[in-house]
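A quick write-up on the structure given underneath.
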Amino acid sequence: MPKLIEFFIFPDFQLLDISGPIAALEMANRLNSKSYSIKLVSKNGGLVKSSSGVALDTLKLNNRSSTDTLIIAGGNGVFVQVNDPQIIKFIQKGHMKCRRIASVCTGAYLLATAGILKNKKATTHWKNGADFITKFPDTFMNPDKIFIKDGNVWTSAGISAGIDLTLALIDEDLGEQIARAVAQQLVVYYRRPGGQSQYSALLELSGGIFSELLDYIRKNIDKSLSVNHLSDIACMSPRHFARVFSAEIGVTPAKAVEQIRIETASAILESGRGSMQVIAKQCGFISAERMRRAFVRNKGLSALALKQSSF
């Protein structure tokens with residue numbers, strides 16, 4: 001019999017929290033026929049509008065004994081739902097009846113409000129990590145993880161991380177070969193490298209008085225980019241430059257250069273072009289070994305492991 005995967009949504013939910021996991025389950029069914037059946041439920045049933053304005057049709061809440069896995073969506077609307085006793089009771093019953101329960105993004109707030117995350121390890125969107133810790137100090141929150149499994153309770157990071165979580169569920173159910181094939185069909189990582197805070201940090205390496213300098217670094221990543229050289233470009237003394245740069249960007253000049261080198265190397269590695277030695281030279285690393293150490297230090301895995309974990 002197909003495993004019934006039930007998704008709970010609510011007004012102002014995040015559409016990708018649901019559409020990403022459903023796409024992964026659909027692909028699993030194509031590769032391994034009749035593995036899953038899918039249901040969408042909401043408090044009152046009928047059409048439920050997402051934060052994007054797109055609405056999905058749902059069934060009314062009903063704690064079916066046949067539900068294998070209950071997945072709770074996230075989104076801005078979750079902060080209204082945590083105050084609804086009927087929804088909290090539904091989630092608590094789902095936890096008791098289902099083999100697994102999971103949340104995507106801020107859906108973790110509903111699990112925590114229902115008492116399901118007490119004394120458990122969990123994650124949520126990196127922006128909500130500090131707030132979550134304040135509200136639920138009895139949860140071991142790690143906002144740098146893409147997803148976390150603690151017993152039969154799964155939580156995932158923001159939005160697209162719901163796909164990562166679903167791939168892990170498929171792996172648990174159908175094995176690594178099917179899960180990896182699903183990832184290939186979706187053109188996503190089978191196991192995404194690094195943590196979500198590392199990705200968000202790279203996005204923030206921009207703006208302010210050093211925008212042009214950061215662009216210069218990206219365009220000249222294969223060159224020696226010492227503090228002295230960069231301070232000349234910025235028309236500052238090396239000491240003053242290092243101090244102002246760190247205050248403005250949040251990391252030292254050397255760390256920023258290293259992160260941009262890794263970002264550039266990751267893109268090349270994912271495309272499958274070139275040897276480790278060639279890629280290291282293109283990205284300004286002294287050697288392939290130096291690049292390997294930088295990847296381990298920043299991503300928790302080597303450049304070679306990243307290449308192998310890509311499609």
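In the structure tokens, chains take the letters A, B, ... in the order shown, each chain's residues start at 1, and ligands count up from 1 in the order shown.
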Going by DSSP on the backbone, which residues of region 30-247 of chain A come out as helix (DSSP H, G or I)? List them as a PDB file with N, CA and C atoms, in the first residue's frame.
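Output file part13.pdb follows:
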```pdb
ATOM      1  N   ARG A  30       7.168   8.104  -9.670  1.00  0.00           N
ATOM      2  CA  ARG A  30       7.517   7.769 -11.050  1.00  0.00           C
ATOM      3  C   ARG A  30       8.611   6.705 -11.088  1.00  0.00           C
ATOM      4  N   LEU A  31       9.542   6.818 -10.150  1.00  0.00           N
ATOM      5  CA  LEU A  31      10.678   5.897 -10.131  1.00  0.00           C
ATOM      6  C   LEU A  31      10.353   4.589  -9.417  1.00  0.00           C
ATOM      7  N   VAL A  78       1.711  31.119  10.183  1.00  0.00           N
ATOM      8  CA  VAL A  78       1.898  30.185  11.296  1.00  0.00           C
ATOM      9  C   VAL A  78       1.732  30.876  12.648  1.00  0.00           C
ATOM     10  N   PHE A  79       2.031  32.182  12.689  1.00  0.00           N
ATOM     11  CA  PHE A  79       1.995  32.891  13.961  1.00  0.00           C
ATOM     12  C   PHE A  79       0.569  33.208  14.411  1.00  0.00           C
ATOM     13  N   VAL A  80      -0.395  33.035  13.516  1.00  0.00           N
ATOM     14  CA  VAL A  80      -1.810  33.064  13.897  1.00  0.00           C
ATOM     15  C   VAL A  80      -2.252  31.675  14.344  1.00  0.00           C
ATOM     16  N   GLN A  81      -1.789  30.649  13.641  1.00  0.00           N
ATOM     17  CA  GLN A  81      -2.210  29.276  13.905  1.00  0.00           C
ATOM     18  C   GLN A  81      -1.774  28.769  15.280  1.00  0.00           C
ATOM     19  N   PRO A  85      -6.447  26.425  19.438  1.00  0.00           N
ATOM     20  CA  PRO A  85      -6.413  25.149  20.172  1.00  0.00           C
ATOM     21  C   PRO A  85      -6.780  23.940  19.319  1.00  0.00           C
ATOM     22  N   GLN A  86      -7.678  24.136  18.349  1.00  0.00           N
ATOM     23  CA  GLN A  86      -8.088  23.016  17.502  1.00  0.00           C
ATOM     24  C   GLN A  86      -6.923  22.508  16.646  1.00  0.00           C
ATOM     25  N   ILE A  87      -6.148  23.427  16.135  1.00  0.00           N
ATOM     26  CA  ILE A  87      -5.004  23.043  15.303  1.00  0.00           C
ATOM     27  C   ILE A  87      -3.920  22.380  16.152  1.00  0.00           C
ATOM     28  N   ILE A  88      -3.659  22.934  17.325  1.00  0.00           N
ATOM     29  CA  ILE A  88      -2.647  22.350  18.212  1.00  0.00           C
ATOM     30  C   ILE A  88      -3.057  20.927  18.611  1.00  0.00           C
ATOM     31  N   LYS A  89      -4.339  20.723  18.905  1.00  0.00           N
ATOM     32  CA  LYS A  89      -4.826  19.390  19.271  1.00  0.00           C
ATOM     33  C   LYS A  89      -4.671  18.421  18.099  1.00  0.00           C
ATOM     34  N   PHE A  90      -4.966  18.898  16.870  1.00  0.00           N
ATOM     35  CA  PHE A  90      -4.816  18.072  15.673  1.00  0.00           C
ATOM     36  C   PHE A  90      -3.362  17.624  15.514  1.00  0.00           C
ATOM     37  N   ILE A  91      -2.429  18.534  15.726  1.00  0.00           N
ATOM     38  CA  ILE A  91      -1.006  18.199  15.583  1.00  0.00           C
ATOM     39  C   ILE A  91      -0.574  17.216  16.668  1.00  0.00           C
ATOM     40  N   GLN A  92      -1.054  17.411  17.883  1.00  0.00           N
ATOM     41  CA  GLN A  92      -0.711  16.487  18.973  1.00  0.00           C
ATOM     42  C   GLN A  92      -1.226  15.075  18.680  1.00  0.00           C
ATOM     43  N   LYS A  93      -2.445  14.973  18.182  1.00  0.00           N
ATOM     44  CA  LYS A  93      -3.000  13.659  17.827  1.00  0.00           C
ATOM     45  C   LYS A  93      -2.245  13.047  16.658  1.00  0.00           C
ATOM     46  N   GLY A  94      -1.856  13.913  15.694  1.00  0.00           N
ATOM     47  CA  GLY A  94      -1.088  13.425  14.558  1.00  0.00           C
ATOM     48  C   GLY A  94       0.233  12.837  14.994  1.00  0.00           C
ATOM     49  N   HIS A  95       0.854  13.460  15.970  1.00  0.00           N
ATOM     50  CA  HIS A  95       2.120  12.957  16.490  1.00  0.00           C
ATOM     51  C   HIS A  95       1.943  11.579  17.113  1.00  0.00           C
ATOM     52  N   MET A  96       0.825  11.368  17.789  1.00  0.00           N
ATOM     53  CA  MET A  96       0.574  10.083  18.446  1.00  0.00           C
ATOM     54  C   MET A  96       0.220   8.984  17.451  1.00  0.00           C
ATOM     55  N   LYS A  97      -0.498   9.352  16.383  1.00  0.00           N
ATOM     56  CA  LYS A  97      -1.006   8.344  15.458  1.00  0.00           C
ATOM     57  C   LYS A  97      -0.083   8.044  14.287  1.00  0.00           C
ATOM     58  N   CYS A 105      10.409  24.844   7.615  1.00  0.00           N
ATOM     59  CA  CYS A 105      10.596  26.246   7.941  1.00  0.00           C
ATOM     60  C   CYS A 105       9.949  26.588   9.287  1.00  0.00           C
ATOM     61  N   THR A 106       9.107  27.627   9.331  1.00  0.00           N
ATOM     62  CA  THR A 106       8.502  28.074  10.581  1.00  0.00           C
ATOM     63  C   THR A 106       7.378  27.170  11.063  1.00  0.00           C
ATOM     64  N   GLY A 107       7.082  26.124  10.328  1.00  0.00           N
ATOM     65  CA  GLY A 107       6.149  25.112  10.839  1.00  0.00           C
ATOM     66  C   GLY A 107       6.614  24.539  12.163  1.00  0.00           C
ATOM     67  N   ALA A 108       7.909  24.665  12.463  1.00  0.00           N
ATOM     68  CA  ALA A 108       8.456  24.195  13.735  1.00  0.00           C
ATOM     69  C   ALA A 108       7.790  24.891  14.920  1.00  0.00           C
ATOM     70  N   TYR A 109       7.306  26.116  14.728  1.00  0.00           N
ATOM     71  CA  TYR A 109       6.613  26.819  15.809  1.00  0.00           C
ATOM     72  C   TYR A 109       5.352  26.055  16.230  1.00  0.00           C
ATOM     73  N   LEU A 110       4.658  25.472  15.283  1.00  0.00           N
ATOM     74  CA  LEU A 110       3.457  24.695  15.613  1.00  0.00           C
ATOM     75  C   LEU A 110       3.825  23.419  16.351  1.00  0.00           C
ATOM     76  N   LEU A 111       4.882  22.743  15.916  1.00  0.00           N
ATOM     77  CA  LEU A 111       5.323  21.540  16.622  1.00  0.00           C
ATOM     78  C   LEU A 111       5.729  21.880  18.050  1.00  0.00           C
ATOM     79  N   ALA A 112       6.445  22.991  18.211  1.00  0.00           N
ATOM     80  CA  ALA A 112       6.901  23.381  19.549  1.00  0.00           C
ATOM     81  C   ALA A 112       5.730  23.782  20.437  1.00  0.00           C
ATOM     82  N   THR A 113       4.773  24.526  19.884  1.00  0.00           N
ATOM     83  CA  THR A 113       3.599  24.922  20.659  1.00  0.00           C
ATOM     84  C   THR A 113       2.807  23.706  21.115  1.00  0.00           C
ATOM     85  N   TRP A 126      16.769  30.257   9.327  1.00  0.00           N
ATOM     86  CA  TRP A 126      17.869  30.874  10.077  1.00  0.00           C
ATOM     87  C   TRP A 126      17.491  32.230  10.667  1.00  0.00           C
ATOM     88  N   LYS A 127      16.590  32.971  10.011  1.00  0.00           N
ATOM     89  CA  LYS A 127      16.201  34.282  10.531  1.00  0.00           C
ATOM     90  C   LYS A 127      15.375  34.185  11.812  1.00  0.00           C
ATOM     91  N   ASN A 128      14.735  33.047  12.022  1.00  0.00           N
ATOM     92  CA  ASN A 128      13.867  32.876  13.187  1.00  0.00           C
ATOM     93  C   ASN A 128      14.549  32.160  14.348  1.00  0.00           C
ATOM     94  N   GLY A 129      15.814  31.794  14.158  1.00  0.00           N
ATOM     95  CA  GLY A 129      16.496  30.994  15.172  1.00  0.00           C
ATOM     96  C   GLY A 129      16.513  31.627  16.547  1.00  0.00           C
ATOM     97  N   ALA A 130      16.925  32.893  16.629  1.00  0.00           N
ATOM     98  CA  ALA A 130      17.025  33.561  17.932  1.00  0.00           C
ATOM     99  C   ALA A 130      15.662  33.711  18.580  1.00  0.00           C
ATOM    100  N   ASP A 131      14.656  34.085  17.799  1.00  0.00           N
ATOM    101  CA  ASP A 131      13.294  34.226  18.337  1.00  0.00           C
ATOM    102  C   ASP A 131      12.767  32.894  18.846  1.00  0.00           C
ATOM    103  N   PHE A 132      13.033  31.836  18.107  1.00  0.00           N
ATOM    104  CA  PHE A 132      12.560  30.505  18.496  1.00  0.00           C
ATOM    105  C   PHE A 132      13.186  30.089  19.829  1.00  0.00           C
ATOM    106  N   ILE A 133      14.474  30.325  19.972  1.00  0.00           N
ATOM    107  CA  ILE A 133      15.172  29.950  21.204  1.00  0.00           C
ATOM    108  C   ILE A 133      14.580  30.686  22.403  1.00  0.00           C
ATOM    109  N   THR A 134      14.222  31.953  22.199  1.00  0.00           N
ATOM    110  CA  THR A 134      13.620  32.738  23.281  1.00  0.00           C
ATOM    111  C   THR A 134      12.252  32.184  23.677  1.00  0.00           C
ATOM    112  N   LYS A 135      11.453  31.813  22.684  1.00  0.00           N
ATOM    113  CA  LYS A 135      10.092  31.349  22.957  1.00  0.00           C
ATOM    114  C   LYS A 135      10.037  29.898  23.438  1.00  0.00           C
ATOM    115  N   ALA A 161      14.407  24.082   1.847  1.00  0.00           N
ATOM    116  CA  ALA A 161      14.920  22.968   2.640  1.00  0.00           C
ATOM    117  C   ALA A 161      13.881  21.862   2.813  1.00  0.00           C
ATOM    118  N   GLY A 162      12.627  22.169   2.532  1.00  0.00           N
ATOM    119  CA  GLY A 162      11.605  21.123   2.558  1.00  0.00           C
ATOM    120  C   GLY A 162      11.901  20.022   1.547  1.00  0.00           C
ATOM    121  N   ILE A 163      12.560  20.378   0.450  1.00  0.00           N
ATOM    122  CA  ILE A 163      12.959  19.372  -0.543  1.00  0.00           C
ATOM    123  C   ILE A 163      14.040  18.480   0.044  1.00  0.00           C
ATOM    124  N   ASP A 164      15.011  19.071   0.732  1.00  0.00           N
ATOM    125  CA  ASP A 164      16.081  18.296   1.376  1.00  0.00           C
ATOM    126  C   ASP A 164      15.487  17.310   2.388  1.00  0.00           C
ATOM    127  N   LEU A 165      14.546  17.798   3.180  1.00  0.00           N
ATOM    128  CA  LEU A 165      13.896  16.941   4.174  1.00  0.00           C
ATOM    129  C   LEU A 165      13.175  15.782   3.501  1.00  0.00           C
ATOM    130  N   THR A 166      12.428  16.081   2.431  1.00  0.00           N
ATOM    131  CA  THR A 166      11.658  15.039   1.746  1.00  0.00           C
ATOM    132  C   THR A 166      12.571  14.006   1.102  1.00  0.00           C
ATOM    133  N   LEU A 167      13.703  14.441   0.565  1.00  0.00           N
ATOM    134  CA  LEU A 167      14.670  13.492   0.017  1.00  0.00           C
ATOM    135  C   LEU A 167      15.164  12.542   1.111  1.00  0.00           C
ATOM    136  N   ALA A 168      15.354  13.071   2.310  1.00  0.00           N
ATOM    137  CA  ALA A 168      15.790  12.227   3.432  1.00  0.00           C
ATOM    138  C   ALA A 168      14.685  11.241   3.823  1.00  0.00           C
ATOM    139  N   LEU A 169      13.424  11.675   3.782  1.00  0.00           N
ATOM    140  CA  LEU A 169      12.316  10.775   4.072  1.00  0.00           C
ATOM    141  C   LEU A 169      12.238   9.657   3.027  1.00  0.00           C
ATOM    142  N   ILE A 170      12.437  10.033   1.762  1.00  0.00           N
ATOM    143  CA  ILE A 170      12.423   9.041   0.679  1.00  0.00           C
ATOM    144  C   ILE A 170      13.578   8.062   0.852  1.00  0.00           C
ATOM    145  N   ASP A 171      14.731   8.576   1.221  1.00  0.00           N
ATOM    146  CA  ASP A 171      15.893   7.722   1.493  1.00  0.00           C
ATOM    147  C   ASP A 171      15.549   6.710   2.575  1.00  0.00           C
ATOM    148  N   GLU A 172      14.927   7.164   3.649  1.00  0.00           N
ATOM    149  CA  GLU A 172      14.560   6.271   4.750  1.00  0.00           C
ATOM    150  C   GLU A 172      13.565   5.205   4.295  1.00  0.00           C
ATOM    151  N   ASP A 173      12.647   5.575   3.413  1.00  0.00           N
ATOM    152  CA  ASP A 173      11.590   4.659   2.974  1.00  0.00           C
ATOM    153  C   ASP A 173      12.028   3.734   1.842  1.00  0.00           C
ATOM    154  N   LEU A 174      12.696   4.307   0.845  1.00  0.00           N
ATOM    155  CA  LEU A 174      12.945   3.585  -0.405  1.00  0.00           C
ATOM    156  C   LEU A 174      14.419   3.341  -0.699  1.00  0.00           C
ATOM    157  N   GLU A 176      18.743   4.851  -0.696  1.00  0.00           N
ATOM    158  CA  GLU A 176      19.550   5.938  -1.234  1.00  0.00           C
ATOM    159  C   GLU A 176      19.472   6.027  -2.754  1.00  0.00           C
ATOM    160  N   GLN A 177      19.408   4.901  -3.423  1.00  0.00           N
ATOM    161  CA  GLN A 177      19.418   4.926  -4.891  1.00  0.00           C
ATOM    162  C   GLN A 177      18.218   5.694  -5.438  1.00  0.00           C
ATOM    163  N   ILE A 178      17.034   5.437  -4.885  1.00  0.00           N
ATOM    164  CA  ILE A 178      15.830   6.136  -5.341  1.00  0.00           C
ATOM    165  C   ILE A 178      15.916   7.615  -4.968  1.00  0.00           C
ATOM    166  N   ALA A 179      16.337   7.905  -3.740  1.00  0.00           N
ATOM    167  CA  ALA A 179      16.419   9.295  -3.285  1.00  0.00           C
ATOM    168  C   ALA A 179      17.397  10.093  -4.142  1.00  0.00           C
ATOM    169  N   ARG A 180      18.532   9.489  -4.471  1.00  0.00           N
ATOM    170  CA  ARG A 180      19.513  10.174  -5.308  1.00  0.00           C
ATOM    171  C   ARG A 180      18.957  10.408  -6.717  1.00  0.00           C
ATOM    172  N   ALA A 181      18.222   9.425  -7.244  1.00  0.00           N
ATOM    173  CA  ALA A 181      17.631   9.572  -8.578  1.00  0.00           C
ATOM    174  C   ALA A 181      16.572  10.678  -8.584  1.00  0.00           C
ATOM    175  N   VAL A 182      15.818  10.793  -7.495  1.00  0.00           N
ATOM    176  CA  VAL A 182      14.833  11.874  -7.372  1.00  0.00           C
ATOM    177  C   VAL A 182      15.545  13.221  -7.403  1.00  0.00           C
ATOM    178  N   ALA A 183      16.634  13.352  -6.659  1.00  0.00           N
ATOM    179  CA  ALA A 183      17.396  14.598  -6.637  1.00  0.00           C
ATOM    180  C   ALA A 183      17.914  14.942  -8.032  1.00  0.00           C
ATOM    181  N   GLN A 184      18.387  13.951  -8.753  1.00  0.00           N
ATOM    182  CA  GLN A 184      18.884  14.183 -10.107  1.00  0.00           C
ATOM    183  C   GLN A 184      17.766  14.679 -11.018  1.00  0.00           C
ATOM    184  N   GLN A 185      16.573  14.090 -10.883  1.00  0.00           N
ATOM    185  CA  GLN A 185      15.451  14.507 -11.711  1.00  0.00           C
ATOM    186  C   GLN A 185      14.999  15.930 -11.384  1.00  0.00           C
ATOM    187  N   LEU A 186      15.099  16.301 -10.119  1.00  0.00           N
ATOM    188  CA  LEU A 186      14.707  17.641  -9.693  1.00  0.00           C
ATOM    189  C   LEU A 186      15.820  18.669  -9.906  1.00  0.00           C
ATOM    190  N   GLN A 196      22.702  26.361   6.469  1.00  0.00           N
ATOM    191  CA  GLN A 196      21.972  27.467   5.859  1.00  0.00           C
ATOM    192  C   GLN A 196      22.565  28.820   6.210  1.00  0.00           C
ATOM    193  N   SER A 197      23.170  28.970   7.391  1.00  0.00           N
ATOM    194  CA  SER A 197      23.751  30.262   7.751  1.00  0.00           C
ATOM    195  C   SER A 197      24.944  30.583   6.864  1.00  0.00           C
ATOM    196  N   GLN A 198      25.660  29.546   6.402  1.00  0.00           N
ATOM    197  CA  GLN A 198      26.785  29.784   5.506  1.00  0.00           C
ATOM    198  C   GLN A 198      26.298  30.342   4.172  1.00  0.00           C
ATOM    199  N   TYR A 199      25.155  29.845   3.695  1.00  0.00           N
ATOM    200  CA  TYR A 199      24.605  30.350   2.442  1.00  0.00           C
ATOM    201  C   TYR A 199      24.125  31.784   2.607  1.00  0.00           C
ATOM    202  N   SER A 200      23.406  32.059   3.710  1.00  0.00           N
ATOM    203  CA  SER A 200      22.881  33.399   3.921  1.00  0.00           C
ATOM    204  C   SER A 200      24.010  34.405   4.116  1.00  0.00           C
ATOM    205  N   ALA A 201      25.088  33.990   4.753  1.00  0.00           N
ATOM    206  CA  ALA A 201      26.208  34.895   4.990  1.00  0.00           C
ATOM    207  C   ALA A 201      26.816  35.366   3.675  1.00  0.00           C
ATOM    208  N   LEU A 202      26.928  34.473   2.704  1.00  0.00           N
ATOM    209  CA  LEU A 202      27.491  34.864   1.410  1.00  0.00           C
ATOM    210  C   LEU A 202      26.618  35.898   0.719  1.00  0.00           C
ATOM    211  N   LEU A 203      25.305  35.786   0.884  1.00  0.00           N
ATOM    212  CA  LEU A 203      24.409  36.749   0.264  1.00  0.00           C
ATOM    213  C   LEU A 203      24.581  38.138   0.859  1.00  0.00           C
ATOM    214  N   GLY A 208      27.069  48.741   1.011  1.00  0.00           N
ATOM    215  CA  GLY A 208      27.915  49.637   1.768  1.00  0.00           C
ATOM    216  C   GLY A 208      29.046  50.220   0.935  1.00  0.00           C
ATOM    217  N   ILE A 209      30.054  50.727   1.631  1.00  0.00           N
ATOM    218  CA  ILE A 209      31.145  51.442   0.960  1.00  0.00           C
ATOM    219  C   ILE A 209      32.097  50.501   0.228  1.00  0.00           C
ATOM    220  N   PHE A 210      31.948  49.184   0.468  1.00  0.00           N
ATOM    221  CA  PHE A 210      32.874  48.233  -0.155  1.00  0.00           C
ATOM    222  C   PHE A 210      32.238  47.424  -1.296  1.00  0.00           C
ATOM    223  N   SER A 211      31.124  47.890  -1.819  1.00  0.00           N
ATOM    224  CA  SER A 211      30.463  47.171  -2.916  1.00  0.00           C
ATOM    225  C   SER A 211      31.385  47.003  -4.120  1.00  0.00           C
ATOM    226  N   GLU A 212      32.028  48.093  -4.521  1.00  0.00           N
ATOM    227  CA  GLU A 212      32.911  48.026  -5.690  1.00  0.00           C
ATOM    228  C   GLU A 212      34.117  47.139  -5.412  1.00  0.00           C
ATOM    229  N   LEU A 213      34.608  47.170  -4.186  1.00  0.00           N
ATOM    230  CA  LEU A 213      35.758  46.334  -3.836  1.00  0.00           C
ATOM    231  C   LEU A 213      35.385  44.858  -3.881  1.00  0.00           C
ATOM    232  N   LEU A 214      34.195  44.518  -3.383  1.00  0.00           N
ATOM    233  CA  LEU A 214      33.744  43.118  -3.425  1.00  0.00           C
ATOM    234  C   LEU A 214      33.575  42.658  -4.868  1.00  0.00           C
ATOM    235  N   ASP A 215      33.085  43.544  -5.725  1.00  0.00           N
ATOM    236  CA  ASP A 215      32.993  43.209  -7.155  1.00  0.00           C
ATOM    237  C   ASP A 215      34.383  42.985  -7.736  1.00  0.00           C
ATOM    238  N   TYR A 216      35.337  43.804  -7.324  1.00  0.00           N
ATOM    239  CA  TYR A 216      36.724  43.652  -7.793  1.00  0.00           C
ATOM    240  C   TYR A 216      37.268  42.283  -7.368  1.00  0.00           C
ATOM    241  N   ILE A 217      36.992  41.883  -6.121  1.00  0.00           N
ATOM    242  CA  ILE A 217      37.464  40.583  -5.632  1.00  0.00           C
ATOM    243  C   ILE A 217      36.887  39.459  -6.487  1.00  0.00           C
ATOM    244  N   ARG A 218      35.599  39.526  -6.766  1.00  0.00           N
ATOM    245  CA  ARG A 218      34.946  38.465  -7.549  1.00  0.00           C
ATOM    246  C   ARG A 218      35.516  38.386  -8.963  1.00  0.00           C
ATOM    247  N   LYS A 219      35.847  39.540  -9.539  1.00  0.00           N
ATOM    248  CA  LYS A 219      36.357  39.566 -10.911  1.00  0.00           C
ATOM    249  C   LYS A 219      37.833  39.198 -10.988  1.00  0.00           C
ATOM    250  N   VAL A 227      45.669  41.843   2.082  1.00  0.00           N
ATOM    251  CA  VAL A 227      45.106  43.027   2.729  1.00  0.00           C
ATOM    252  C   VAL A 227      45.783  44.287   2.203  1.00  0.00           C
ATOM    253  N   ASN A 228      47.088  44.221   2.000  1.00  0.00           N
ATOM    254  CA  ASN A 228      47.814  45.388   1.479  1.00  0.00           C
ATOM    255  C   ASN A 228      47.313  45.778   0.092  1.00  0.00           C
ATOM    256  N   HIS A 229      47.104  44.766  -0.753  1.00  0.00           N
ATOM    257  CA  HIS A 229      46.622  45.037  -2.113  1.00  0.00           C
ATOM    258  C   HIS A 229      45.208  45.614  -2.073  1.00  0.00           C
ATOM    259  N   LEU A 230      44.344  45.023  -1.277  1.00  0.00           N
ATOM    260  CA  LEU A 230      42.958  45.494  -1.206  1.00  0.00           C
ATOM    261  C   LEU A 230      42.862  46.875  -0.571  1.00  0.00           C
ATOM    262  N   SER A 231      43.711  47.142   0.404  1.00  0.00           N
ATOM    263  CA  SER A 231      43.692  48.472   1.028  1.00  0.00           C
ATOM    264  C   SER A 231      44.137  49.548   0.046  1.00  0.00           C
ATOM    265  N   ASP A 232      45.068  49.196  -0.868  1.00  0.00           N
ATOM    266  CA  ASP A 232      45.468  50.138  -1.920  1.00  0.00           C
ATOM    267  C   ASP A 232      44.284  50.446  -2.836  1.00  0.00           C
ATOM    268  N   ILE A 233      43.524  49.409  -3.193  1.00  0.00           N
ATOM    269  CA  ILE A 233      42.350  49.593  -4.045  1.00  0.00           C
ATOM    270  C   ILE A 233      41.333  50.495  -3.349  1.00  0.00           C
ATOM    271  N   ALA A 234      41.185  50.314  -2.027  1.00  0.00           N
ATOM    272  CA  ALA A 234      40.218  51.089  -1.255  1.00  0.00           C
ATOM    273  C   ALA A 234      40.751  52.462  -0.843  1.00  0.00           C
ATOM    274  N   PRO A 238      46.475  49.860   5.415  1.00  0.00           N
ATOM    275  CA  PRO A 238      46.079  48.467   5.688  1.00  0.00           C
ATOM    276  C   PRO A 238      45.366  48.292   7.028  1.00  0.00           C
ATOM    277  N   ARG A 239      45.872  48.937   8.077  1.00  0.00           N
ATOM    278  CA  ARG A 239      45.275  48.760   9.401  1.00  0.00           C
ATOM    279  C   ARG A 239      43.869  49.357   9.464  1.00  0.00           C
ATOM    280  N   HIS A 240      43.726  50.584   8.940  1.00  0.00           N
ATOM    281  CA  HIS A 240      42.412  51.237   8.951  1.00  0.00           C
ATOM    282  C   HIS A 240      41.427  50.466   8.071  1.00  0.00           C
ATOM    283  N   PHE A 241      41.908  50.019   6.902  1.00  0.00           N
ATOM    284  CA  PHE A 241      41.058  49.250   5.990  1.00  0.00           C
ATOM    285  C   PHE A 241      40.531  47.984   6.650  1.00  0.00           C
ATOM    286  N   ALA A 242      41.419  47.225   7.299  1.00  0.00           N
ATOM    287  CA  ALA A 242      41.006  45.963   7.938  1.00  0.00           C
ATOM    288  C   ALA A 242      39.956  46.217   9.004  1.00  0.00           C
ATOM    289  N   ARG A 243      40.117  47.284   9.778  1.00  0.00           N
ATOM    290  CA  ARG A 243      39.174  47.591  10.845  1.00  0.00           C
ATOM    291  C   ARG A 243      37.810  48.012  10.280  1.00  0.00           C
ATOM    292  N   VAL A 244      37.810  48.913   9.302  1.00  0.00           N
ATOM    293  CA  VAL A 244      36.555  49.411   8.730  1.00  0.00           C
ATOM    294  C   VAL A 244      35.840  48.311   7.950  1.00  0.00           C
ATOM    295  N   PHE A 245      36.603  47.520   7.211  1.00  0.00           N
ATOM    296  CA  PHE A 245      36.012  46.425   6.430  1.00  0.00           C
ATOM    297  C   PHE A 245      35.307  45.430   7.350  1.00  0.00           C
ATOM    298  N   SER A 246      35.971  45.030   8.415  1.00  0.00           N
ATOM    299  CA  SER A 246      35.388  44.057   9.349  1.00  0.00           C
ATOM    300  C   SER A 246      34.117  44.603   9.985  1.00  0.00           C
ATOM    301  N   ALA A 247      34.114  45.899  10.322  1.00  0.00           N
ATOM    302  CA  ALA A 247      32.932  46.515  10.923  1.00  0.00           C
ATOM    303  C   ALA A 247      31.787  46.608   9.930  1.00  0.00           C
TER     304      ALA A 247
END
```
Could you make a table, as CSV, of the residues of region 59-131 of chain A that have an atom within 7 Å of an atom of region 139-143 of chain A, each with its nearest atom pair and distance in Å to one decimal, counting only C-alpha atoms, in chain and number order?
```
residue,atom,partner,partner_atom,distance
A:Leu117,CA,A:Thr139,CA,5.8
A:Lys118,CA,A:Thr139,CA,5.2
A:Asn119,CA,A:Thr139,CA,5.1
A:Lys120,CA,A:Thr139,CA,5.5
A:Lys121,CA,A:Phe140,CA,4.5
A:Ala122,CA,A:Met141,CA,5.0
A:Thr123,CA,A:Pro143,CA,5.0
A:Thr124,CA,A:Pro143,CA,5.8
A:His125,CA,A:Pro143,CA,6.6
A:Trp126,CA,A:Pro143,CA,5.0
A:Gly129,CA,A:Pro143,CA,5.3
```
For N, CA and C atoms, I'd like the residues from the last selection saved as a compact mmCIF listing (two decimals), in the first residue's frame.
```
# COMPACT_ATOMS: atom_id res chain seq x y z
N LEU A 117 8.40 19.33 20.42
CA LEU A 117 9.84 19.57 20.32
C LEU A 117 10.51 19.72 21.68
N LYS A 118 9.80 19.48 22.75
CA LYS A 118 10.39 19.61 24.07
C LYS A 118 11.53 18.61 24.24
N ASN A 119 12.70 19.13 24.62
CA ASN A 119 13.91 18.33 24.82
C ASN A 119 14.37 17.61 23.55
N LYS A 120 13.99 18.14 22.39
CA LYS A 120 14.41 17.56 21.12
C LYS A 120 15.26 18.56 20.33
N LYS A 121 16.10 18.01 19.45
CA LYS A 121 16.89 18.84 18.54
C LYS A 121 16.01 19.24 17.36
N ALA A 122 16.15 20.49 16.93
CA ALA A 122 15.28 20.97 15.85
C ALA A 122 15.97 22.11 15.11
N THR A 123 15.40 22.46 13.95
CA THR A 123 15.87 23.62 13.20
C THR A 123 14.67 24.33 12.60
N THR A 124 14.91 25.54 12.11
CA THR A 124 13.89 26.33 11.43
C THR A 124 14.62 27.33 10.54
N HIS A 125 13.91 28.26 9.94
CA HIS A 125 14.56 29.26 9.10
C HIS A 125 15.59 30.02 9.92
N TRP A 126 16.77 30.26 9.33
CA TRP A 126 17.87 30.87 10.08
C TRP A 126 17.49 32.23 10.67
N GLY A 129 15.81 31.79 14.16
CA GLY A 129 16.50 30.99 15.17
C GLY A 129 16.51 31.63 16.55
```
Determine, counting only C-alpha atoms, which protein, DNA and RNA residues have an atom within 9 Å of an atom of Lys60 (chain A); residues of the same chain fewer than 3 positions away are not included. Present the result as a PyMOL selection string. chain A and resi 40-46
